[in-house]
>>> print(open('start06.cif').read())   # mmCIF, C-alpha atoms and all ligand atoms
data_query
loop_
_atom_site.label_atom_id
_atom_site.label_comp_id
_atom_site.auth_asym_id
_atom_site.auth_seq_id
_atom_site.Cartn_x
_atom_site.Cartn_y
_atom_site.Cartn_z
CA MET A 1 89.74 71.64 91.53
CA LEU A 2 91.17 73.97 88.87
CA ILE A 3 92.38 72.93 85.43
CA THR A 4 93.49 75.09 82.52
CA LYS A 5 93.64 73.25 79.23
CA ASP A 6 95.73 74.61 76.35
CA LEU A 7 94.88 78.12 77.51
CA SER A 8 96.00 81.07 75.43
CA ALA A 9 95.07 84.64 76.34
CA GLY A 10 96.21 88.23 75.92
CA TYR A 11 95.20 91.82 75.44
CA GLY A 12 93.63 92.85 72.12
CA LYS A 13 95.75 91.26 69.41
CA THR A 14 98.72 90.70 71.70
CA VAL A 15 98.97 87.08 72.79
CA ILE A 16 100.60 86.78 76.22
CA LEU A 17 99.76 83.27 77.45
CA ARG A 18 100.36 80.27 75.22
CA ASN A 19 99.14 76.73 75.82
CA ILE A 20 98.97 76.94 79.58
CA ASN A 21 98.16 73.59 81.21
CA ILE A 22 98.04 73.69 84.99
CA GLU A 23 96.15 71.71 87.60
CA VAL A 24 95.46 72.53 91.22
CA HIS A 25 94.03 69.73 93.33
CA PRO A 26 91.78 70.17 96.39
CA GLY A 27 93.75 71.10 99.50
CA GLU A 28 96.94 72.02 97.65
CA ILE A 29 99.01 75.18 97.87
CA VAL A 30 100.44 75.61 94.38
CA ALA A 31 102.83 78.43 93.50
CA ILE A 32 103.57 80.11 90.19
CA ILE A 33 106.94 81.79 89.86
CA GLY A 34 108.52 83.70 87.01
CA ARG A 35 110.31 86.94 86.25
CA ASN A 36 108.49 90.26 85.92
CA GLY A 37 106.24 90.50 82.90
CA VAL A 38 106.10 86.79 82.00
CA GLY A 39 102.30 86.67 82.34
CA LYS A 40 101.60 85.50 85.90
CA THR A 41 98.94 88.13 86.58
CA THR A 42 97.47 87.58 83.12
CA LEU A 43 97.01 83.91 84.01
CA ILE A 44 95.33 84.74 87.34
CA LYS A 45 93.06 87.27 85.60
CA SER A 46 92.09 84.63 83.04
CA VAL A 47 91.13 82.24 85.83
CA ILE A 48 88.92 84.76 87.59
CA GLY A 49 87.34 85.98 84.36
CA LEU A 50 88.79 89.47 83.92
CA ILE A 51 90.38 88.35 80.65
CA LYS A 52 88.67 86.16 78.05
CA PRO A 53 90.79 83.28 76.75
CA LEU A 54 91.60 83.25 73.03
CA ILE A 55 91.92 79.47 72.93
CA GLY A 56 91.54 76.67 75.45
CA ASN A 57 89.40 76.05 78.48
CA ILE A 58 89.27 76.54 82.23
CA TYR A 59 87.53 74.08 84.55
CA PHE A 60 86.67 74.67 88.20
CA LYS A 61 85.08 71.97 90.36
CA ASP A 62 83.84 70.14 87.23
CA HIS A 63 82.28 73.28 85.75
CA LYS A 64 83.60 74.62 82.46
CA ILE A 65 84.04 78.28 83.36
CA THR A 66 85.88 79.48 80.26
CA SER A 67 83.17 81.98 79.28
CA LEU A 68 81.54 82.52 82.67
CA GLU A 69 81.33 86.08 84.03
CA ALA A 70 83.74 86.93 86.83
CA TYR A 71 81.02 87.38 89.48
CA LYS A 72 79.65 83.92 88.72
CA ARG A 73 83.12 82.43 89.16
CA ALA A 74 83.30 84.16 92.55
CA ARG A 75 79.94 82.63 93.45
CA LEU A 76 81.21 79.20 92.49
CA GLY A 77 83.93 79.68 95.09
CA ILE A 78 86.94 81.40 93.55
CA GLY A 79 88.41 84.09 95.82
CA TYR A 80 90.96 86.60 94.58
CA VAL A 81 93.53 88.90 96.12
CA PRO A 82 94.85 91.14 93.32
CA GLN A 83 98.42 92.29 92.93
CA GLY A 84 98.58 95.63 94.75
CA ARG A 85 95.79 94.31 97.03
CA GLY A 86 92.83 96.37 95.75
CA ILE A 87 91.66 97.46 99.17
CA PHE A 88 89.64 100.65 99.64
CA PRO A 89 92.17 103.08 101.17
CA LYS A 90 89.70 105.56 102.65
CA LEU A 91 87.56 102.90 104.32
CA SER A 92 88.27 101.30 107.67
CA VAL A 93 89.41 97.73 108.15
CA GLU A 94 85.90 96.69 109.19
CA GLU A 95 84.27 98.44 106.21
CA ASN A 96 86.71 96.76 103.82
CA LEU A 97 85.78 93.39 105.30
CA LEU A 98 82.05 94.09 105.03
CA ILE A 99 82.51 94.97 101.36
CA GLY A 100 84.37 91.69 100.98
CA LYS A 101 81.31 89.93 102.31
CA LEU A 102 79.08 91.67 99.76
CA ILE A 103 81.23 91.22 96.67
CA ASN A 104 82.75 87.81 97.29
CA SER A 105 79.72 85.91 98.55
CA HIS A 106 79.04 82.66 96.78
CA SER A 107 75.89 80.61 96.82
CA ASN A 108 76.84 78.24 99.65
CA ILE A 109 78.00 80.97 101.97
CA ASN A 110 76.91 81.01 105.57
CA GLN A 111 75.27 84.44 105.59
CA ASN A 112 76.15 84.95 109.23
CA LYS A 113 79.82 84.99 108.36
CA SER A 114 81.15 88.23 109.79
CA PRO A 115 84.46 90.08 109.99
CA GLN A 116 84.87 88.26 113.32
CA SER A 117 85.71 85.05 111.48
CA ALA A 118 88.49 86.82 109.59
CA TYR A 119 89.82 88.40 112.78
CA SER A 120 90.36 84.96 114.27
CA TYR A 121 93.15 84.42 111.72
CA PHE A 122 94.35 88.02 111.74
CA PRO A 123 94.20 89.40 115.29
CA ARG A 124 96.23 92.41 114.13
CA LEU A 125 93.27 93.46 112.02
CA GLN A 126 90.90 93.22 114.97
CA GLU A 127 93.08 95.64 116.90
CA ARG A 128 92.78 98.03 113.95
CA GLN A 129 89.09 97.61 113.04
CA SER A 130 88.39 101.34 112.87
CA GLN A 131 91.69 102.36 111.28
CA LYS A 132 91.63 103.64 107.70
CA ALA A 133 93.19 101.03 105.40
CA GLU A 134 95.56 103.57 103.81
CA THR A 135 97.23 104.25 107.14
CA MET A 136 98.21 100.62 107.71
CA SER A 137 101.57 99.04 106.93
CA GLY A 138 102.12 97.02 103.75
CA GLY A 139 101.91 93.79 105.74
CA GLU A 140 98.67 94.79 107.45
CA GLN A 141 97.16 95.81 104.11
CA SER A 142 98.14 92.45 102.65
CA MET A 143 96.48 90.72 105.63
CA LEU A 144 93.36 92.83 105.10
CA ALA A 145 93.19 91.89 101.42
CA ILE A 146 93.49 88.20 102.26
CA ALA A 147 90.94 88.47 105.09
CA ARG A 148 88.51 90.24 102.77
CA ALA A 149 88.76 87.44 100.21
CA LEU A 150 88.32 84.80 102.94
CA ILE A 151 85.07 86.32 104.13
CA GLY A 152 83.51 85.12 100.87
CA GLN A 153 84.41 81.57 101.98
CA PRO A 154 86.12 80.59 98.75
CA ASP A 155 87.11 77.01 97.99
CA LEU A 156 90.05 78.25 95.91
CA LEU A 157 91.99 81.38 96.83
CA LEU A 158 94.12 83.09 94.17
CA LEU A 159 96.86 85.27 95.65
CA ASP A 160 98.83 87.55 93.32
CA GLU A 161 102.10 88.46 95.08
CA PRO A 162 100.85 88.92 98.65
CA SER A 163 104.45 89.57 99.82
CA GLU A 164 104.96 92.61 97.58
CA GLY A 165 105.95 95.61 99.70
CA VAL A 166 105.86 93.60 102.94
CA GLN A 167 108.73 93.33 105.45
CA PRO A 168 110.39 89.87 105.48
CA ASN A 169 109.32 88.97 109.04
CA VAL A 170 105.70 89.89 108.24
CA VAL A 171 105.89 87.86 104.99
CA ALA A 172 106.76 84.85 107.15
CA GLN A 173 103.78 85.57 109.42
CA ILE A 174 101.42 85.86 106.46
CA GLY A 175 102.84 82.61 105.08
CA SER A 176 102.17 80.82 108.37
CA ILE A 177 98.58 82.11 108.40
CA ILE A 178 97.99 80.93 104.82
CA GLU A 179 99.41 77.55 105.75
CA GLN A 180 97.23 77.40 108.88
CA ILE A 181 94.06 78.20 106.92
CA ASN A 182 95.01 75.63 104.28
CA ARG A 183 95.46 73.02 107.01
CA GLU A 184 92.42 73.88 109.11
CA ILE A 185 89.75 74.44 106.47
CA GLU A 186 91.49 72.73 103.54
CA LEU A 187 91.42 75.93 101.51
CA THR A 188 93.04 75.36 98.14
CA VAL A 189 95.52 78.10 97.20
CA LEU A 190 97.09 79.21 93.93
CA LEU A 191 99.84 81.66 94.79
CA VAL A 192 101.83 83.88 92.44
CA GLU A 193 105.07 84.78 94.19
CA GLN A 194 108.61 85.94 93.64
CA ASN A 195 109.54 85.50 97.31
CA LEU A 196 111.34 82.16 97.29
CA ASP A 197 111.46 81.86 101.09
CA LEU A 198 107.68 82.06 101.20
CA ILE A 199 107.32 79.48 98.43
CA GLN A 200 109.72 77.10 100.14
CA HIS A 201 107.86 77.56 103.40
CA ILE A 202 104.30 76.93 102.23
CA ALA A 203 104.02 75.64 98.64
CA HIS A 204 103.33 71.98 97.95
CA ARG A 205 104.24 72.33 94.26
CA CYS A 206 105.29 75.04 91.88
CA TYR A 207 104.97 75.98 88.21
CA VAL A 208 107.62 78.11 86.54
CA MET A 209 106.49 80.59 83.88
CA ASP A 210 108.56 82.23 81.21
CA LYS A 211 107.38 84.38 78.29
CA GLY A 212 103.78 83.25 78.64
CA ASN A 213 104.59 79.54 78.87
CA ILE A 214 104.80 77.05 81.72
CA VAL A 215 108.42 75.88 81.39
CA ALA A 216 108.71 73.64 84.46
CA SER A 217 106.60 71.93 87.09
CA LEU A 218 108.37 71.29 90.39
CA GLU A 219 107.38 68.93 93.16
CA ARG A 220 107.83 69.79 96.83
CA SER A 221 111.16 67.94 97.07
CA GLU A 222 112.51 70.06 94.20
CA LEU A 223 111.63 73.32 95.98
CA ALA A 224 114.22 72.81 98.70
CA ASP A 225 117.11 73.88 96.48
CA GLN A 226 116.91 77.69 96.40
CA GLN A 227 119.81 77.97 93.92
CA GLN A 228 117.79 75.86 91.48
CA LEU A 229 114.77 78.14 91.92
CA ILE A 230 116.93 81.22 91.38
CA LYS A 231 118.16 79.68 88.11
CA PHE A 232 114.56 79.25 87.00
CA LEU A 233 113.88 82.91 87.75
CA ALA A 234 116.92 83.88 85.70
CA ILE A 235 115.84 81.99 82.56
N1 LIG B 1 96.08 95.68 80.33
C1 LIG B 1 97.10 95.33 79.54
N2 LIG B 1 97.15 95.68 78.24
C2 LIG B 1 98.17 95.31 77.44
N3 LIG B 1 99.24 94.58 77.83
C3 LIG B 1 99.25 94.20 79.12
C4 LIG B 1 98.21 94.56 80.04
N4 LIG B 1 98.51 94.05 81.25
C5 LIG B 1 99.68 93.39 81.10
N5 LIG B 1 100.13 93.48 79.83
C6 LIG B 1 101.37 92.91 79.30
O1 LIG B 1 101.31 91.49 79.46
C7 LIG B 1 102.58 90.97 79.81
C8 LIG B 1 102.44 90.12 81.05
O2 LIG B 1 102.05 90.97 82.13
P1 LIG B 1 101.64 90.38 83.54
O3 LIG B 1 101.17 91.53 84.36
O4 LIG B 1 100.72 89.24 83.36
O5 LIG B 1 103.06 89.86 84.06
P2 LIG B 1 103.51 89.38 85.50
O6 LIG B 1 104.26 88.10 85.29
O7 LIG B 1 102.35 89.36 86.42
O8 LIG B 1 104.55 90.52 85.92
P3 LIG B 1 104.91 91.11 87.38
O9 LIG B 1 105.81 90.10 88.01
O10 LIG B 1 105.62 92.39 87.08
O11 LIG B 1 103.64 91.31 88.13
C9 LIG B 1 103.52 92.16 79.96
O12 LIG B 1 104.26 92.27 78.78
C10 LIG B 1 102.57 93.34 80.11
O13 LIG B 1 103.14 94.50 79.59
MG MG B 2 101.91 90.37 88.13
#
>>> encode(input="start06.cif", output="structure tokens")
Amino acid sequence: MLITKDLSAGYGKTVILRNINIEVHPGEIVAIIGRNGVGKTTLIKSVIGLIKPLIGNIYFKDHKITSLEAYKRARLGIGYVPQGRGIFPKLSVEENLLIGKLINSHSNINQNKSPQSAYSYFPRLQERQSQKAETMSGGEQSMLAIARALIGQPDLLLLDEPSEGVQPNVVAQIGSIIEQINREIELTVLLVEQNLDLIQHIAHRCYVMDKGNIVASLERSELADQQQLIKFLAI
């Protein structure tokens, strides 16, 4: 579903990503782990089109999207939950979801899709429809950001550290919901995470990044050993 081929990217003259080759297949939950500052967010931003690659290509559902504008990538079916969540703090839960419908819609979307469909996965949000987003807990804000991306009915959802600033028991809940959505509607997920419990719980495979490179690719069976994962994060 998603392939990056020899992708290099950065900011101005600073090269951050070098020769990134990853693949995400339909229906998979693939994680990317790596220490702070190794380029995980830069990779996600390259995939959604906020950063132009210097070298290499990105393919999504057989389209070469390397030079495509970000909004066209969203229309093709790439959903995105940014690090820090990017919700509108002064707007209510419902208003945030309606904006999600406007900005994330892609061409095949069922136009009747409403916040109701998101509430079915996140009942806590339904209880708080009129609450201002800024007054919600970190976990609820993370749920809102995910729900807002889901309203666009993406085929691939990119999540950049959804567990950041979220209590451990709520991280587990969010993980279970992601897994449920993956199972029920076969949503493909590319997840940047530093929370190893979450990765072990939901990821089918994992790439390890260090200094702008992919340095390891781990299968599900290799994710069970948390000590091994910790070693990768301590490269
Ligand atoms: N807008 C920018 N302009 C210049 N350099 C940037 C910019 N954004 C990020 N960088 C640099 O790119 C490198 C990779 O940053 P990136 O945010 O991709 O890392 P990360 O792995 O997501 O880190 P974290 O785990 O802290 O979120 C860092 O050295 C960072 O300082
Ligand atoms: Mg980041």
>>> closest_residue(input="start06.cif", among="A:Gln141, A:Thr188, A:Thr41, A:Gln200", to="A:Met1", atoms="all atoms listed in the file")
A:Thr188
>>> residues_near_ligand(input="start06.cif", ligand="ligand MG 2 (chain B)", cutoff="7 Å", atoms="all atoms listed in the file", output="PyMOL selection string")
chain A and resi 36-37+39-41+83+160
>>> atom_distance(input="start06.cif", atom1="atom C3 of ligand LIG 1 (chain B)", atom2="atom CA of A:Pro53")
14.0 Å
>>> residues_near_ligand(input="start06.cif", ligand="ligand LIG 1 (chain B)", cutoff="10 Å", atoms="only C-alpha atoms and all ligand atoms", output="ChimeraX atom specification")
/A:9-17,32-46,51,83-84,160-161,164,192-194,209-212
>>> write_last_selection(input="start06.cif", atoms="C-alpha atoms", output="PDB file, in the frame of the given file")
ATOM      1  CA  ALA A   9      95.070  84.640  76.340  1.00  0.00           C
ATOM      2  CA  GLY A  10      96.210  88.230  75.920  1.00  0.00           C
ATOM      3  CA  TYR A  11      95.200  91.820  75.440  1.00  0.00           C
ATOM      4  CA  GLY A  12      93.630  92.850  72.120  1.00  0.00           C
ATOM      5  CA  LYS A  13      95.750  91.260  69.410  1.00  0.00           C
ATOM      6  CA  THR A  14      98.720  90.700  71.700  1.00  0.00           C
ATOM      7  CA  VAL A  15      98.970  87.080  72.790  1.00  0.00           C
ATOM      8  CA  ILE A  16     100.600  86.780  76.220  1.00  0.00           C
ATOM      9  CA  LEU A  17      99.760  83.270  77.450  1.00  0.00           C
ATOM     10  CA  ILE A  32     103.570  80.110  90.190  1.00  0.00           C
ATOM     11  CA  ILE A  33     106.940  81.790  89.860  1.00  0.00           C
ATOM     12  CA  GLY A  34     108.520  83.700  87.010  1.00  0.00           C
ATOM     13  CA  ARG A  35     110.310  86.940  86.250  1.00  0.00           C
ATOM     14  CA  ASN A  36     108.490  90.260  85.920  1.00  0.00           C
ATOM     15  CA  GLY A  37     106.240  90.500  82.900  1.00  0.00           C
ATOM     16  CA  VAL A  38     106.100  86.790  82.000  1.00  0.00           C
ATOM     17  CA  GLY A  39     102.300  86.670  82.340  1.00  0.00           C
ATOM     18  CA  LYS A  40     101.600  85.500  85.900  1.00  0.00           C
ATOM     19  CA  THR A  41      98.940  88.130  86.580  1.00  0.00           C
ATOM     20  CA  THR A  42      97.470  87.580  83.120  1.00  0.00           C
ATOM     21  CA  LEU A  43      97.010  83.910  84.010  1.00  0.00           C
ATOM     22  CA  ILE A  44      95.330  84.740  87.340  1.00  0.00           C
ATOM     23  CA  LYS A  45      93.060  87.270  85.600  1.00  0.00           C
ATOM     24  CA  SER A  46      92.090  84.630  83.040  1.00  0.00           C
ATOM     25  CA  ILE A  51      90.380  88.350  80.650  1.00  0.00           C
ATOM     26  CA  GLN A  83      98.420  92.290  92.930  1.00  0.00           C
ATOM     27  CA  GLY A  84      98.580  95.630  94.750  1.00  0.00           C
ATOM     28  CA  ASP A 160      98.830  87.550  93.320  1.00  0.00           C
ATOM     29  CA  GLU A 161     102.100  88.460  95.080  1.00  0.00           C
ATOM     30  CA  GLU A 164     104.960  92.610  97.580  1.00  0.00           C
ATOM     31  CA  VAL A 192     101.830  83.880  92.440  1.00  0.00           C
ATOM     32  CA  GLU A 193     105.070  84.780  94.190  1.00  0.00           C
ATOM     33  CA  GLN A 194     108.610  85.940  93.640  1.00  0.00           C
ATOM     34  CA  MET A 209     106.490  80.590  83.880  1.00  0.00           C
ATOM     35  CA  ASP A 210     108.560  82.230  81.210  1.00  0.00           C
ATOM     36  CA  LYS A 211     107.380  84.380  78.290  1.00  0.00           C
ATOM     37  CA  GLY A 212     103.780  83.250  78.640  1.00  0.00           C
TER      38      GLY A 212
END
>>> atom_distance(input="start06.cif", atom1="atom CA of A:Gln173", atom2="atom CA of A:Arg75")
28.8 Å
>>> atom_distance(input="start06.cif", atom1="atom CA of A:Met143", atom2="atom CA of A:Ile48")
20.4 Å
